[in-house]
Each structure stands twice: as C-alpha cells, then as structure tokens.
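J.: So here's coords-v2.txt, just compact mmCIF, N, CA and C atoms:
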# COMPACT_ATOMS: atom_id res chain seq x y z
N GLY K 1 55.11 -105.77 -41.16
CA GLY K 1 54.41 -105.95 -39.97
C GLY K 1 53.05 -105.30 -39.95
N LEU K 2 52.40 -105.77 -38.95
CA LEU K 2 51.06 -105.26 -38.68
C LEU K 2 51.16 -103.88 -38.03
N PRO K 3 50.26 -102.98 -38.42
CA PRO K 3 50.31 -101.65 -37.80
C PRO K 3 49.99 -101.74 -36.32
N GLY K 4 50.75 -101.07 -35.53
CA GLY K 4 50.54 -101.08 -34.09
C GLY K 4 49.78 -99.81 -33.68
N PRO K 5 49.48 -99.72 -32.38
CA PRO K 5 48.73 -98.55 -31.90
C PRO K 5 49.52 -97.24 -32.09
N ASP K 6 50.84 -97.30 -32.10
CA ASP K 6 51.65 -96.08 -32.28
C ASP K 6 51.71 -95.63 -33.72
N ASP K 7 51.44 -96.55 -34.66
CA ASP K 7 51.53 -96.22 -36.08
C ASP K 7 50.51 -95.16 -36.48
N GLU K 8 49.36 -95.13 -35.83
CA GLU K 8 48.35 -94.14 -36.16
C GLU K 8 48.83 -92.74 -35.83
N ASP K 9 49.68 -92.62 -34.80
CA ASP K 9 50.19 -91.33 -34.38
C ASP K 9 51.38 -90.89 -35.22
N ARG K 10 51.93 -91.82 -36.01
CA ARG K 10 53.07 -91.47 -36.84
C ARG K 10 52.61 -90.70 -38.06
N LEU K 11 53.46 -89.75 -38.50
CA LEU K 11 53.15 -88.93 -39.67
C LEU K 11 53.72 -89.59 -40.92
N THR K 12 53.06 -89.37 -41.99
CA THR K 12 53.59 -89.87 -43.27
C THR K 12 54.73 -88.96 -43.68
N ALA K 13 55.52 -89.41 -44.63
CA ALA K 13 56.65 -88.61 -45.12
C ALA K 13 56.16 -87.29 -45.68
N ALA K 14 55.03 -87.30 -46.39
CA ALA K 14 54.47 -86.07 -46.97
C ALA K 14 54.04 -85.10 -45.86
N GLU K 15 53.42 -85.66 -44.80
CA GLU K 15 52.98 -84.82 -43.69
C GLU K 15 54.18 -84.24 -42.94
N GLU K 16 55.22 -85.05 -42.79
CA GLU K 16 56.43 -84.54 -42.13
C GLU K 16 57.07 -83.43 -42.97
N GLU K 17 57.09 -83.63 -44.27
CA GLU K 17 57.66 -82.62 -45.16
C GLU K 17 56.84 -81.33 -45.08
N GLU K 18 55.51 -81.49 -45.02
CA GLU K 18 54.63 -80.33 -44.91
C GLU K 18 54.86 -79.60 -43.59
N LEU K 19 55.02 -80.37 -42.51
CA LEU K 19 55.30 -79.74 -41.21
C LEU K 19 56.64 -79.01 -41.24
N GLY K 20 57.62 -79.60 -41.91
CA GLY K 20 58.93 -78.94 -42.06
C GLY K 20 58.79 -77.61 -42.80
N LEU K 21 57.99 -77.62 -43.86
CA LEU K 21 57.75 -76.38 -44.61
C LEU K 21 57.03 -75.35 -43.75
N ILE K 22 56.06 -75.81 -42.99
CA ILE K 22 55.32 -74.90 -42.10
C ILE K 22 56.27 -74.29 -41.08
N ASP K 23 57.15 -75.11 -40.49
CA ASP K 23 58.14 -74.59 -39.53
C ASP K 23 59.06 -73.57 -40.20
N GLU K 24 59.50 -73.90 -41.41
CA GLU K 24 60.39 -73.00 -42.15
C GLU K 24 59.68 -71.68 -42.45
N ILE K 25 58.44 -71.76 -42.90
CA ILE K 25 57.66 -70.55 -43.20
C ILE K 25 57.46 -69.74 -41.92
N SER K 26 57.13 -70.42 -40.83
CA SER K 26 56.92 -69.74 -39.55
C SER K 26 58.20 -69.03 -39.11
N SER K 27 59.33 -69.71 -39.28
CA SER K 27 60.61 -69.12 -38.91
C SER K 27 60.89 -67.88 -39.77
N LYS K 28 60.65 -68.02 -41.08
CA LYS K 28 60.87 -66.87 -41.98
C LYS K 28 59.90 -65.74 -41.64
N GLN K 29 58.66 -66.09 -41.30
CA GLN K 29 57.68 -65.08 -40.94
C GLN K 29 58.16 -64.31 -39.71
N GLN K 30 58.68 -65.02 -38.70
CA GLN K 30 59.17 -64.36 -37.49
C GLN K 30 60.35 -63.45 -37.82
N GLN K 31 61.23 -63.92 -38.71
CA GLN K 31 62.39 -63.13 -39.13
C GLN K 31 61.91 -61.86 -39.83
N ILE K 32 60.96 -61.98 -40.73
CA ILE K 32 60.42 -60.82 -41.46
C ILE K 32 59.72 -59.87 -40.50
N LEU K 33 58.93 -60.41 -39.58
CA LEU K 33 58.23 -59.55 -38.62
C LEU K 33 59.19 -58.83 -37.70
N SER K 34 60.32 -59.46 -37.37
CA SER K 34 61.29 -58.76 -36.53
C SER K 34 61.93 -57.61 -37.31
N GLU K 35 62.07 -57.79 -38.62
CA GLU K 35 62.64 -56.73 -39.46
C GLU K 35 61.61 -55.66 -39.80
N PHE K 36 60.36 -56.08 -40.02
CA PHE K 36 59.28 -55.18 -40.43
C PHE K 36 58.08 -55.37 -39.50
N PRO K 37 58.16 -54.86 -38.26
CA PRO K 37 57.10 -55.11 -37.28
C PRO K 37 55.72 -54.60 -37.71
N PHE K 38 55.66 -53.61 -38.59
CA PHE K 38 54.37 -53.08 -39.01
C PHE K 38 53.56 -54.10 -39.82
N LEU K 39 54.24 -55.13 -40.34
CA LEU K 39 53.53 -56.16 -41.10
C LEU K 39 52.70 -57.08 -40.20
N ALA K 40 52.91 -56.98 -38.89
CA ALA K 40 52.17 -57.83 -37.96
C ALA K 40 50.67 -57.57 -38.05
N SER K 41 50.30 -56.36 -38.47
CA SER K 41 48.87 -56.04 -38.54
C SER K 41 48.24 -56.49 -39.85
N VAL K 42 49.02 -57.03 -40.77
CA VAL K 42 48.48 -57.53 -42.03
C VAL K 42 47.83 -58.88 -41.79
N ASP K 43 46.62 -59.04 -42.33
CA ASP K 43 45.90 -60.30 -42.16
C ASP K 43 46.46 -61.33 -43.14
N LEU K 44 47.16 -62.32 -42.62
CA LEU K 44 47.75 -63.37 -43.45
C LEU K 44 47.07 -64.72 -43.21
N SER K 45 45.85 -64.66 -42.69
CA SER K 45 45.15 -65.92 -42.44
C SER K 45 44.83 -66.58 -43.78
N SER K 46 44.77 -67.88 -43.77
CA SER K 46 44.52 -68.58 -45.03
C SER K 46 43.47 -69.66 -44.83
N ASP K 47 42.88 -70.04 -45.94
CA ASP K 47 41.87 -71.10 -45.93
C ASP K 47 42.53 -72.35 -46.46
N PRO K 48 42.69 -73.38 -45.61
CA PRO K 48 43.40 -74.59 -46.06
C PRO K 48 42.68 -75.31 -47.20
N HIS K 49 41.43 -75.01 -47.41
CA HIS K 49 40.69 -75.65 -48.49
C HIS K 49 40.84 -74.91 -49.81
N ALA K 50 41.38 -73.69 -49.77
CA ALA K 50 41.56 -72.91 -50.99
C ALA K 50 42.85 -73.34 -51.67
N SER K 51 42.93 -73.05 -52.96
CA SER K 51 44.14 -73.42 -53.71
C SER K 51 45.30 -72.55 -53.24
N LYS K 52 46.51 -73.03 -53.49
CA LYS K 52 47.72 -72.29 -53.11
C LYS K 52 47.74 -70.91 -53.78
N GLU K 53 47.39 -70.87 -55.07
CA GLU K 53 47.37 -69.59 -55.80
C GLU K 53 46.36 -68.63 -55.18
N SER K 54 45.18 -69.17 -54.81
CA SER K 54 44.15 -68.34 -54.21
C SER K 54 44.62 -67.79 -52.87
N GLN K 55 45.32 -68.60 -52.09
CA GLN K 55 45.84 -68.16 -50.80
C GLN K 55 46.91 -67.08 -51.00
N ILE K 56 47.78 -67.29 -51.99
CA ILE K 56 48.83 -66.30 -52.28
C ILE K 56 48.19 -64.99 -52.73
N ASP K 57 47.19 -65.09 -53.63
CA ASP K 57 46.49 -63.88 -54.09
C ASP K 57 45.83 -63.16 -52.93
N SER K 58 45.21 -63.92 -52.05
CA SER K 58 44.54 -63.33 -50.88
C SER K 58 45.56 -62.61 -49.99
N ALA K 59 46.69 -63.26 -49.73
CA ALA K 59 47.74 -62.65 -48.89
C ALA K 59 48.29 -61.40 -49.55
N LEU K 60 48.55 -61.48 -50.86
CA LEU K 60 49.09 -60.32 -51.57
C LEU K 60 48.07 -59.19 -51.61
N SER K 61 46.81 -59.54 -51.77
CA SER K 61 45.76 -58.52 -51.77
C SER K 61 45.71 -57.81 -50.42
N GLY K 62 45.77 -58.60 -49.34
CA GLY K 62 45.79 -58.01 -48.00
C GLY K 62 47.00 -57.13 -47.79
N LEU K 63 48.15 -57.60 -48.28
CA LEU K 63 49.37 -56.82 -48.14
C LEU K 63 49.28 -55.53 -48.96
N ARG K 64 48.73 -55.64 -50.16
CA ARG K 64 48.57 -54.46 -51.03
C ARG K 64 47.66 -53.43 -50.35
N GLU K 65 46.54 -53.90 -49.80
CA GLU K 65 45.62 -52.98 -49.12
C GLU K 65 46.31 -52.32 -47.93
N PHE K 66 47.05 -53.12 -47.18
CA PHE K 66 47.77 -52.59 -46.02
C PHE K 66 48.78 -51.53 -46.47
N CYS K 67 49.55 -51.86 -47.50
CA CYS K 67 50.57 -50.93 -48.00
C CYS K 67 49.92 -49.66 -48.55
N ASN K 68 48.83 -49.82 -49.27
CA ASN K 68 48.13 -48.64 -49.80
C ASN K 68 47.64 -47.74 -48.67
N ALA K 69 47.14 -48.35 -47.61
CA ALA K 69 46.69 -47.57 -46.45
C ALA K 69 47.87 -46.85 -45.81
N LYS K 70 49.02 -47.56 -45.69
CA LYS K 70 50.23 -46.92 -45.13
C LYS K 70 50.68 -45.75 -46.01
N VAL K 71 50.68 -45.97 -47.32
CA VAL K 71 51.09 -44.91 -48.25
C VAL K 71 50.15 -43.71 -48.13
N GLU K 72 48.85 -43.98 -48.05
CA GLU K 72 47.87 -42.89 -47.92
C GLU K 72 48.09 -42.13 -46.62
N THR K 73 48.33 -42.86 -45.54
CA THR K 73 48.60 -42.21 -44.25
C THR K 73 49.86 -41.35 -44.33
N ALA K 74 50.90 -41.90 -44.96
CA ALA K 74 52.15 -41.14 -45.11
C ALA K 74 51.92 -39.92 -45.99
N ARG K 75 51.14 -40.08 -47.05
CA ARG K 75 50.86 -38.96 -47.96
C ARG K 75 50.10 -37.86 -47.22
N GLU K 76 49.11 -38.26 -46.41
CA GLU K 76 48.34 -37.28 -45.63
C GLU K 76 49.25 -36.55 -44.64
N ALA K 77 50.13 -37.29 -43.99
CA ALA K 77 51.06 -36.66 -43.03
C ALA K 77 51.99 -35.70 -43.76
N TYR K 78 52.46 -36.11 -44.93
CA TYR K 78 53.35 -35.25 -45.73
C TYR K 78 52.60 -33.98 -46.15
N ASP K 79 51.39 -34.15 -46.68
CA ASP K 79 50.61 -32.99 -47.12
C ASP K 79 50.35 -32.04 -45.95
N LYS K 80 50.04 -32.61 -44.78
CA LYS K 80 49.80 -31.78 -43.60
C LYS K 80 51.06 -31.00 -43.24
N ARG K 81 52.20 -31.67 -43.30
CA ARG K 81 53.47 -31.02 -42.97
C ARG K 81 53.79 -29.91 -43.98
N VAL K 82 53.52 -30.18 -45.26
CA VAL K 82 53.75 -29.16 -46.30
C VAL K 82 52.89 -27.93 -46.01
N VAL K 83 51.63 -28.15 -45.66
CA VAL K 83 50.73 -27.03 -45.35
C VAL K 83 51.26 -26.26 -44.14
N GLU K 84 51.72 -26.99 -43.11
CA GLU K 84 52.26 -26.33 -41.91
C GLU K 84 53.49 -25.49 -42.26
N ILE K 85 54.37 -26.04 -43.10
CA ILE K 85 55.59 -25.32 -43.48
C ILE K 85 55.23 -24.08 -44.29
N LYS K 86 54.30 -24.22 -45.23
CA LYS K 86 53.89 -23.06 -46.04
C LYS K 86 53.28 -21.98 -45.14
N LYS K 87 52.43 -22.41 -44.21
CA LYS K 87 51.80 -21.44 -43.30
C LYS K 87 52.85 -20.73 -42.46
N LYS K 88 53.83 -21.49 -41.97
CA LYS K 88 54.90 -20.90 -41.16
C LYS K 88 55.70 -19.88 -41.99
N ARG K 89 56.01 -20.25 -43.24
CA ARG K 89 56.75 -19.33 -44.11
C ARG K 89 55.95 -18.07 -44.37
N GLU K 90 54.64 -18.23 -44.63
CA GLU K 90 53.79 -17.06 -44.87
C GLU K 90 53.76 -16.16 -43.64
N GLU K 91 53.64 -16.78 -42.46
CA GLU K 91 53.62 -16.00 -41.22
C GLU K 91 54.94 -15.27 -41.03
N GLU K 92 56.06 -15.96 -41.32
CA GLU K 92 57.37 -15.32 -41.19
C GLU K 92 57.50 -14.16 -42.18
N GLU K 93 57.01 -14.36 -43.41
CA GLU K 93 57.06 -13.30 -44.43
C GLU K 93 56.20 -12.11 -44.01
N GLU K 94 55.01 -12.39 -43.48
CA GLU K 94 54.14 -11.32 -42.99
C GLU K 94 54.81 -10.56 -41.85
N GLU K 95 55.48 -11.30 -40.96
CA GLU K 95 56.17 -10.65 -39.84
C GLU K 95 57.31 -9.77 -40.35
N LYS K 96 58.05 -10.26 -41.36
CA LYS K 96 59.11 -9.44 -41.96
C LYS K 96 58.53 -8.16 -42.54
N MET K 97 57.39 -8.31 -43.24
CA MET K 97 56.77 -7.14 -43.86
C MET K 97 56.29 -6.16 -42.79
N ARG K 98 55.69 -6.68 -41.70
CA ARG K 98 55.25 -5.80 -40.61
C ARG K 98 56.45 -5.07 -40.00
N THR K 99 57.53 -5.81 -39.79
CA THR K 99 58.73 -5.21 -39.21
C THR K 99 59.29 -4.14 -40.14
N GLU K 100 59.34 -4.44 -41.44
CA GLU K 100 59.86 -3.47 -42.43
C GLU K 100 58.97 -2.24 -42.47
N ARG K 101 57.64 -2.46 -42.48
CA ARG K 101 56.72 -1.30 -42.48
C ARG K 101 56.92 -0.46 -41.23
N ALA K 102 57.08 -1.11 -40.09
CA ALA K 102 57.29 -0.39 -38.83
C ALA K 102 58.60 0.40 -38.87
N ARG K 103 59.65 -0.22 -39.45
CA ARG K 103 60.94 0.48 -39.57
C ARG K 103 60.80 1.70 -40.47
N ILE K 104 60.14 1.53 -41.61
CA ILE K 104 59.96 2.65 -42.56
C ILE K 104 59.13 3.75 -41.90
N GLU K 105 58.07 3.37 -41.19
CA GLU K 105 57.22 4.35 -40.51
C GLU K 105 58.02 5.10 -39.43
N ALA K 106 58.85 4.38 -38.70
CA ALA K 106 59.67 5.03 -37.66
C ALA K 106 60.65 6.01 -38.29
N GLU K 107 61.26 5.61 -39.42
CA GLU K 107 62.18 6.52 -40.11
C GLU K 107 61.44 7.76 -40.63
N ARG K 108 60.24 7.55 -41.18
CA ARG K 108 59.44 8.67 -41.69
C ARG K 108 59.08 9.63 -40.56
N GLU K 109 58.67 9.05 -39.42
CA GLU K 109 58.34 9.90 -38.27
C GLU K 109 59.57 10.66 -37.76
N ALA K 110 60.73 10.00 -37.77
CA ALA K 110 61.96 10.67 -37.32
C ALA K 110 62.31 11.82 -38.26
N ARG K 111 62.19 11.56 -39.59
CA ARG K 111 62.46 12.65 -40.55
C ARG K 111 61.47 13.79 -40.37
N ALA K 112 60.19 13.47 -40.12
CA ALA K 112 59.16 14.49 -39.91
C ALA K 112 59.50 15.32 -38.67
N ARG K 113 59.93 14.64 -37.59
CA ARG K 113 60.31 15.38 -36.37
C ARG K 113 61.51 16.29 -36.63
N GLU K 114 62.51 15.77 -37.36
CA GLU K 114 63.69 16.59 -37.68
C GLU K 114 63.30 17.80 -38.51
N LEU K 115 62.46 17.59 -39.53
CA LEU K 115 62.03 18.69 -40.38
C LEU K 115 61.23 19.71 -39.58
N LYS K 116 60.34 19.23 -38.71
CA LYS K 116 59.54 20.13 -37.88
C LYS K 116 60.45 20.95 -36.96
N ALA K 117 61.44 20.26 -36.36
CA ALA K 117 62.37 20.97 -35.48
C ALA K 117 63.16 22.02 -36.27
N LYS K 118 63.58 21.65 -37.50
CA LYS K 118 64.34 22.60 -38.34
C LYS K 118 63.47 23.80 -38.70
N LEU K 119 62.22 23.53 -39.08
CA LEU K 119 61.31 24.63 -39.44
C LEU K 119 61.02 25.52 -38.24
N GLU K 120 60.83 24.90 -37.07
CA GLU K 120 60.58 25.69 -35.86
C GLU K 120 61.80 26.54 -35.53
N LYS K 121 63.00 25.99 -35.70
CA LYS K 121 64.23 26.74 -35.42
C LYS K 121 64.35 27.92 -36.40
N GLU K 122 64.07 27.66 -37.70
CA GLU K 122 64.13 28.74 -38.70
C GLU K 122 63.11 29.82 -38.38
N GLU K 123 61.90 29.41 -37.98
CA GLU K 123 60.85 30.38 -37.62
C GLU K 123 61.29 31.20 -36.41
N GLU K 124 61.90 30.54 -35.44
CA GLU K 124 62.39 31.25 -34.24
C GLU K 124 63.49 32.24 -34.64
N GLU K 125 64.38 31.83 -35.54
CA GLU K 125 65.45 32.74 -36.00
C GLU K 125 64.85 33.92 -36.74
N ARG K 126 63.79 33.67 -37.58
CA ARG K 126 63.14 34.79 -38.27
C ARG K 126 62.48 35.74 -37.26
N ARG K 127 61.81 35.18 -36.24
CA ARG K 127 61.18 36.02 -35.21
C ARG K 127 62.23 36.89 -34.51
N LYS K 128 63.35 36.25 -34.17
CA LYS K 128 64.43 36.99 -33.50
C LYS K 128 64.96 38.10 -34.42
N ALA K 129 65.12 37.73 -35.70
CA ALA K 129 65.63 38.72 -36.66
C ALA K 129 64.63 39.87 -36.80
N ARG K 130 63.33 39.56 -36.90
CA ARG K 130 62.30 40.61 -36.98
C ARG K 130 62.30 41.46 -35.72
N ALA K 131 62.38 40.78 -34.57
CA ALA K 131 62.38 41.53 -33.30
C ALA K 131 63.60 42.45 -33.25
N GLU K 132 64.75 41.93 -33.70
CA GLU K 132 65.97 42.76 -33.72
C GLU K 132 65.83 43.93 -34.69
N ALA K 133 65.24 43.61 -35.87
CA ALA K 133 65.02 44.67 -36.87
C ALA K 133 64.06 45.71 -36.33
N ASP K 134 63.00 45.26 -35.64
CA ASP K 134 62.04 46.20 -35.04
C ASP K 134 62.73 47.06 -33.98
N ARG K 135 63.58 46.46 -33.14
CA ARG K 135 64.30 47.23 -32.12
C ARG K 135 65.20 48.28 -32.76
N GLU K 136 65.90 47.83 -33.80
CA GLU K 136 66.78 48.78 -34.49
C GLU K 136 65.98 49.90 -35.12
N ALA K 137 64.81 49.57 -35.71
CA ALA K 137 63.97 50.60 -36.34
C ALA K 137 63.48 51.57 -35.28
N ARG K 138 63.05 51.07 -34.12
CA ARG K 138 62.60 51.95 -33.03
C ARG K 138 63.74 52.80 -32.52
N ALA K 139 64.92 52.17 -32.45
CA ALA K 139 66.08 52.93 -31.97
C ALA K 139 66.41 54.04 -32.95
N ARG K 140 66.31 53.75 -34.25
CA ARG K 140 66.56 54.80 -35.25
C ARG K 140 65.49 55.91 -35.14
N GLU K 141 64.25 55.52 -34.95
CA GLU K 141 63.19 56.49 -34.82
C GLU K 141 63.43 57.40 -33.61
N LEU K 142 63.86 56.75 -32.50
CA LEU K 142 64.14 57.54 -31.32
C LEU K 142 65.32 58.50 -31.59
N GLU K 143 66.29 58.04 -32.32
CA GLU K 143 67.44 58.88 -32.69
C GLU K 143 66.96 60.05 -33.51
N LYS K 144 66.05 59.77 -34.47
CA LYS K 144 65.54 60.81 -35.34
C LYS K 144 64.75 61.83 -34.53
N LYS K 145 63.96 61.34 -33.56
CA LYS K 145 63.15 62.24 -32.75
C LYS K 145 64.05 63.11 -31.86
N ARG K 146 65.14 62.59 -31.44
CA ARG K 146 66.06 63.31 -30.57
C ARG K 146 66.77 64.40 -31.38
N GLU K 147 66.89 64.15 -32.64
CA GLU K 147 67.65 65.12 -33.44
C GLU K 147 66.84 66.30 -33.78
Please go through the file and, once you have read it, give me the structure as structure tokens.
T.:
Amino acid sequence: GLPGPDDEDRLTAAEEEELGLIDEISSKQQQILSEFPFLASVDLSSDPHASKESQIDSALSGLREFCNAKVETAREAYDKRVVEIKKKREEEEEEKMRTERARIEAEREARARELKAKLEKEEEERRKARAEADREARARELEKKRE
C-alpha cells in the first residue's frame, strides 16, 4: 500500500529497537543511581554524533575524574582524622606526664615536710636535753656552794 499520513509518525524497527535500548539503559541507570546516589553528580551527557567508543571513553573519563576526586576527598578526611587522633594522643600523654610530675612533686614536698618536722622535733629534744643538763649543772653548783 501507499504510505498514509500516519506512516510518517511510525518508527522503523531499528528506531523501535533503539528506543527499547534507551528505555533499558534509563531503567538500569535509575537502578544504579538508587544504589549509588553519589553517581548522580557524574556528568554522563553524550554527543549523539560521536562514536560509541568515544562516548564510552568520555563517560568513563568523567567517572574516573569523579572517583579520583572522591578518593582525594576521602584521603584528605582520613589524613585530617589521623592528625586529630595523633594530637589528642599527644595531649593525653602530656596530661599524664603533668599529672605524674605533680604527683612526684607532691610526694617530694610531703617527704620534705616530714623530714623538716622530724629535724625540728630532734632539735627541740636536744634543746630540752641541754636545758635539763643546764638545770642539773646549776643544781649541782648550788649543792656545791651549799656545802
């Protein structure tokens, strides 16, 4: 038959097959994006005039750049966290050392106070002994004078 006005709007078998592939790809893309939402920011635009290989290379290049940027961001975050952890450990170690030094200093001061108190007590006992010896000597002298 002669082509009618509706025939122009009809798709060829190849065009229908291509539309089916596009629908399938779109469906798979939605499935992938639901699983990996961060891929939504990857530029997957294509040039219909470019070869299939060129389009694939372009998409892979964009994906590679995106992934490299993600890896770099993750690496920077990791390095920052490592620095924070090291700094925290150093601060904790310094605090331990300050606490230990303070404990040692407190013990040293306590021993110094004990030793000072012991020496003062011994000095007081010597003074008392001298005073007693002096009293006894005076008492003996008085006894001698009385005799």
J.: Run DSSP on the backbone and tell me which residues of chain K come out as alpha helix (DSSP H); list them as a PyMOL selection string.
T.: chain K and resi 13-35+52-146
J.: Between atom N of Arg81 (chain K) and atom C of Ser61 (chain K), what is the spacing in Å?
T.: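 Distance between the two atoms: 27.9 Å.
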J.: Grab the atom N of Arg138 (chain K) to atom C of Arg126 (chain K) distance for me, in Å with one decimal place.
T.: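 Result for atom N of Arg138 (chain K) versus atom C of Arg126 (chain K): 15.7 Å, one decimal.
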J.: Mind pulling up the distance from atom C of Leu63 (chain K) to CA of Glu35 (chain K)?
T.: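 That distance, rounded to one decimal, is 16.4 Å.
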